[in-house]
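Trainee: So here's my_file.cif (mmCIF, C-alpha atoms).
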```cif
data_start
#
loop_
_atom_site.label_atom_id
_atom_site.label_comp_id
_atom_site.auth_asym_id
_atom_site.auth_seq_id
_atom_site.Cartn_x
_atom_site.Cartn_y
_atom_site.Cartn_z
CA ARG A 28 43.90 100.83 -7.78
CA ASN A 29 41.59 101.39 -4.81
CA LEU A 30 39.12 98.77 -3.57
CA GLN A 31 36.04 100.15 -5.35
CA GLU A 32 37.91 100.57 -8.66
CA SER A 33 39.13 96.96 -8.42
CA ILE A 34 35.63 95.63 -7.79
CA ASP A 35 34.09 97.78 -10.54
CA HIS A 36 36.74 96.60 -13.02
CA VAL A 37 35.66 92.96 -12.56
CA HIS A 38 31.95 93.69 -12.77
CA ASP A 39 32.37 95.88 -15.86
CA SER A 40 34.69 93.57 -17.79
CA ASN A 41 35.59 89.94 -18.35
CA ALA A 42 38.54 90.24 -15.97
CA ALA A 43 39.41 87.44 -13.58
CA GLU A 44 37.22 87.37 -10.50
CA PHE A 45 38.10 90.00 -7.93
CA THR A 46 38.91 88.52 -4.56
CA LEU A 47 39.20 90.63 -1.49
CA ALA A 48 41.85 88.31 -0.07
CA ARG A 49 44.10 88.77 -3.13
CA TRP A 50 43.56 92.55 -3.14
CA LEU A 51 44.46 92.68 0.55
CA ALA A 52 47.55 90.53 -0.02
CA ASP A 53 48.64 92.82 -2.84
CA ASN A 54 48.17 95.80 -0.53
CA ARG A 55 49.34 94.04 2.64
CA GLU A 56 51.90 96.61 3.66
CA SER A 57 49.17 99.24 3.88
CA PHE A 58 47.15 97.01 6.20
CA ALA A 59 49.85 95.21 8.23
CA ARG A 60 48.66 96.60 11.54
CA HIS A 61 45.32 94.74 11.23
CA GLY A 62 46.74 91.20 11.60
CA SER A 63 46.13 88.29 9.23
CA ILE A 64 44.36 88.67 5.90
CA HIS A 65 41.45 86.62 7.27
CA GLU A 66 41.15 88.89 10.34
CA LEU A 67 41.22 91.95 8.13
CA GLU A 68 38.64 90.50 5.77
CA LEU A 69 36.36 89.76 8.75
CA ALA A 70 36.86 93.29 10.07
CA LEU A 71 35.96 94.72 6.65
CA TRP A 72 32.86 92.53 6.49
CA ASP A 73 31.77 93.57 9.96
CA ALA A 74 32.26 97.22 9.03
CA ALA A 75 30.52 97.03 5.64
CA ALA A 76 27.83 94.35 5.68
CA ARG A 77 24.38 94.72 7.20
CA LEU A 78 22.36 91.72 6.11
CA GLU A 79 19.08 90.39 7.42
CA PRO A 80 17.80 86.92 6.54
CA MET A 81 14.66 86.59 4.46
CA PRO A 82 11.54 85.57 6.36
CA GLY A 83 11.25 81.80 6.62
CA VAL A 84 14.80 80.93 5.56
CA ALA A 85 15.93 79.54 8.94
CA HIS A 86 12.90 77.27 9.19
CA ALA A 87 13.27 76.14 5.57
CA LEU A 88 16.96 75.30 5.90
CA ARG A 89 16.27 73.35 9.09
CA MET A 90 13.45 71.39 7.40
CA LEU A 91 15.53 70.63 4.31
CA ALA A 92 18.49 69.46 6.40
CA GLU A 93 16.19 67.31 8.57
CA ALA A 94 14.90 65.72 5.35
CA GLY A 95 18.43 64.47 4.80
CA LEU A 96 19.33 66.80 1.96
CA ALA A 97 22.96 67.91 1.60
CA LEU A 98 22.83 71.71 1.59
CA GLY A 99 25.46 74.16 0.48
CA CYS A 100 25.83 77.79 -0.42
CA ILE A 101 27.47 79.16 -3.58
CA SER A 102 27.79 82.93 -3.81
CA ASN A 103 29.32 85.47 -6.15
CA ALA A 104 31.09 87.61 -3.58
CA VAL A 105 34.34 89.46 -3.05
CA PHE A 106 34.49 88.03 0.47
CA SER A 107 35.68 84.47 1.11
CA GLY A 108 33.48 81.52 1.99
CA PRO A 109 34.67 81.53 5.64
CA VAL A 110 33.59 85.16 5.99
CA LEU A 111 30.19 84.43 4.44
CA GLN A 112 29.87 81.38 6.69
CA SER A 113 30.55 83.53 9.76
CA GLU A 114 27.66 85.81 8.71
CA LEU A 115 25.39 82.81 8.19
CA LYS A 116 26.38 81.51 11.65
CA ARG A 117 25.60 84.90 13.17
CA HIS A 118 22.02 84.49 11.93
CA GLY A 119 21.77 80.78 12.83
CA LEU A 120 21.75 79.69 9.17
CA ALA A 121 24.96 77.67 8.87
CA ASN A 122 24.15 74.56 10.92
CA GLY A 123 22.67 72.49 8.09
CA LEU A 124 25.17 73.59 5.43
CA VAL A 125 27.84 71.17 4.26
CA PHE A 126 29.80 74.01 2.65
CA VAL A 127 29.85 77.72 1.87
CA LEU A 128 31.68 78.54 -1.36
CA SER A 129 32.39 82.01 -2.64
CA SER A 130 33.53 82.97 -6.10
CA ALA A 131 36.40 84.65 -4.25
CA ASP A 132 37.55 81.21 -3.04
CA ILE A 133 38.09 79.78 -6.52
CA GLU A 134 38.16 82.94 -8.64
CA ILE A 135 35.27 81.78 -10.80
CA ARG A 136 31.87 83.50 -10.84
CA LYS A 137 28.44 82.10 -11.54
CA PRO A 138 27.19 81.41 -14.22
CA ASP A 139 30.43 79.55 -15.01
CA PRO A 140 29.59 75.83 -14.61
CA ARG A 141 32.89 75.19 -12.83
CA ILE A 142 31.72 76.93 -9.65
CA PHE A 143 28.68 74.64 -9.51
CA SER A 144 30.95 71.62 -10.10
CA ALA A 145 33.16 72.76 -7.23
CA GLY A 146 30.13 72.85 -4.95
CA LEU A 147 28.95 69.43 -6.11
CA SER A 148 32.36 67.94 -5.37
CA LYS A 149 32.08 69.16 -1.77
CA VAL A 150 28.91 67.13 -1.21
CA GLY A 151 29.76 64.21 -3.50
CA VAL A 152 26.57 64.54 -5.54
CA SER A 153 26.13 64.34 -9.28
CA ALA A 154 24.75 67.36 -11.08
CA SER A 155 21.77 65.39 -12.37
CA SER A 156 20.61 64.65 -8.81
CA ALA A 157 21.12 68.18 -7.44
CA TRP A 158 18.96 71.27 -7.29
CA PHE A 159 20.20 74.84 -7.18
CA VAL A 160 18.05 77.61 -5.76
CA GLY A 161 18.91 81.16 -6.77
CA ASP A 162 17.42 84.57 -7.40
CA SER A 163 19.48 85.68 -10.40
CA TRP A 164 18.16 84.44 -13.72
CA SER A 165 21.48 84.68 -15.57
CA ALA A 166 23.98 83.79 -12.83
CA ASP A 167 21.97 81.22 -10.89
CA ILE A 168 19.32 79.71 -13.12
CA GLN A 169 21.10 79.68 -16.46
CA GLY A 170 24.39 78.80 -14.76
CA ALA A 171 22.91 75.88 -12.82
CA ALA A 172 21.12 74.60 -15.93
CA ALA A 173 24.35 74.76 -17.94
CA ALA A 174 26.09 72.78 -15.19
CA GLY A 175 23.39 70.08 -15.31
CA LEU A 176 21.64 70.89 -12.04
CA PHE A 177 17.89 71.38 -11.69
CA PRO A 178 17.46 75.15 -11.17
CA VAL A 179 14.83 76.64 -8.91
CA TRP A 180 14.26 80.35 -9.45
CA PHE A 181 13.51 82.20 -6.21
CA SER A 182 11.51 85.14 -7.50
CA SER A 183 8.56 87.01 -6.13
CA SER A 184 8.48 89.08 -9.30
CA GLU A 185 5.21 89.24 -11.15
CA GLY A 186 7.20 89.24 -14.37
CA SER A 187 6.87 86.62 -17.03
CA PHE A 188 8.21 83.14 -16.48
CA PRO A 189 9.28 81.36 -19.66
CA SER A 190 6.97 78.39 -20.20
CA ASP A 191 9.78 76.41 -21.79
CA SER A 192 12.11 77.14 -18.88
CA PRO A 193 14.21 74.26 -17.57
CA CYS A 194 13.43 75.23 -13.97
CA ALA A 195 10.86 75.58 -11.25
CA ARG A 196 9.91 78.88 -9.64
CA VAL A 197 9.17 79.59 -5.99
CA GLU A 198 8.15 82.86 -4.39
CA SER A 199 9.03 82.09 -0.77
CA TRP A 200 10.92 79.67 1.45
CA PRO A 201 7.71 77.83 2.43
CA ASN A 202 7.00 77.42 -1.33
CA LEU A 203 10.45 75.84 -1.72
CA CYS A 204 9.79 73.44 1.15
CA SER A 205 6.49 72.42 -0.44
CA LEU A 206 8.17 71.85 -3.81
CA VAL A 207 10.89 69.71 -2.22
CA ALA A 208 8.36 67.73 -0.14
CA HIS A 209 6.28 67.07 -3.26
CA SER A 210 9.38 65.94 -5.15
CA LEU A 211 10.52 63.64 -2.35
CA ALA A 212 7.03 62.09 -2.10
CA ALA A 213 6.89 61.40 -5.85
#
```
Let's see the structure in the file written out as structure tokens.
Mentor:
Amino acid sequence: RNLQESIDHVHDSNAAEFTLARWLADNRESFARHGSIHELELALWDAAARLEPMPGVAHALRMLAEAGLALGCISNAVFSGPVLQSELKRHGLANGLVFVLSSADIEIRKPDPRIFSAGLSKVGVSASSAWFVGDSWSADIQGAAAAGLFPVWFSSSEGSFPSDSPCARVESWPNLCSLVAHSLAA
């Protein structure tokens, strides 16, 4: 199965999480000339990914870290946490993060509560005292709520926001900083 077919299979079914590292290991002989699996994964990322940070994210992460909050990143991705962390470092966004966890690292995708629990264990915080900020209603918000975290929906959408929702909603990184500051002052 080629790379795109393997990824599509996971996203179109309830199959176990696709991990690029496992796919590369299974196809190692085809890629032996590229070095270690990690080096190959980084090379694939560099060749395929073109990401730009959202306006205000660097400032917001710096402010939140300076406020003493333990920050981490949980992502549904076929690339490993170390690869995602290298991209965050490239943009100056990794300094305040305690961890970067990818679904590829543990083969569990959001909204499964176990991926949120894995992140919480890395910072030693209980779910009831943690917030999770995400932009996907089903994966991030419903997943975080099911895991017992306080979800914050990052959405600039003008769409409806359920009034009985167990979460807050922010439209920008400065909005998130204001929400956190208000919560810390309360």
Trainee: Please measure the separation of CA of Pro140 in chain A and CA of Gly175 in chain A, giving the value in Å to one decimal.
Mentor: 8.5 Å
Trainee: Looking at all atoms listed in the file, which of A:Arg89, A:Val125, A:Arg77, A:Gln112 is the one that sits closest to Gly151 in chain A?
Mentor: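 Closest residue, counting all atoms listed in the file: A:Val125.
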Trainee: Would you give the centre and edge lengths, in Å to one decimal, of a box along x, y and z around the listed atoms of range 132-147 of chain A, with 3 Å added to each side, as AutoDock Vina command-line options?
Mentor:
```
--center_x 32.7 --center_y 76.5 --center_z -9.0 --size_x 17.0 --size_y 20.1 --size_z 18.0
```
Trainee: Name the residues that the PyMOL selection byres ((chain A and resi 129) around 6) pulls out of this structure, and write them as a list in words.
Mentor: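 Selection result, ordered by chain and number: Ile101, Ser102, Asn103, Ala104, Ser107, Gly108, Leu128, Ser130, Ala131 and Asp132 of chain A.
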Trainee: Using CA of Ser192 in chain A and CA of Val179 in chain A as the two end points, give the distance in Å to one decimal.
Mentor: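 Interatomic distance, CA of Ser192 in chain A to CA of Val179 in chain A: 10.3 Å.
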Trainee: Can you turn the PyMOL selection byres ((chain A and resi 161-166) around 9) into a concrete residue list for this file, as a PyMOL selection string?
Mentor: chain A and resi 103+136-139+159-160+167-171+178-182
Trainee: Provide the CA of Glu134 in chain A to CA of Thr46 in chain A distance in Å, to one decimal place.
Mentor: 7.0 Å
Trainee: Using all atoms listed in the file, which protein or nucleic acid residues come within 9 Å of Glu68 in chain A? Drop anything in the same chain fewer than 2 positions from it, and give the result as a PyMOL selection string.
Mentor: chain A and resi 47-48+51+63-66+70-73+106-107+110
Trainee: For Ala94 in chain A, which of A:Pro82, A:Pro109, A:Gly123, A:Gly146 is the closest residue, counting all atoms listed in the file?
Mentor: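 Smallest separation from Ala94 in chain A among the options: A:Gly123.
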Trainee: Pick from A:His118, A:Arg196, A:His36, A:His209: nearest to Pro80 in chain A, with all atoms listed in the file counted?
Mentor: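 Ranking A:His118, A:Arg196, A:His36, A:His209 by distance to Pro80 in chain A, first place goes to A:His118.
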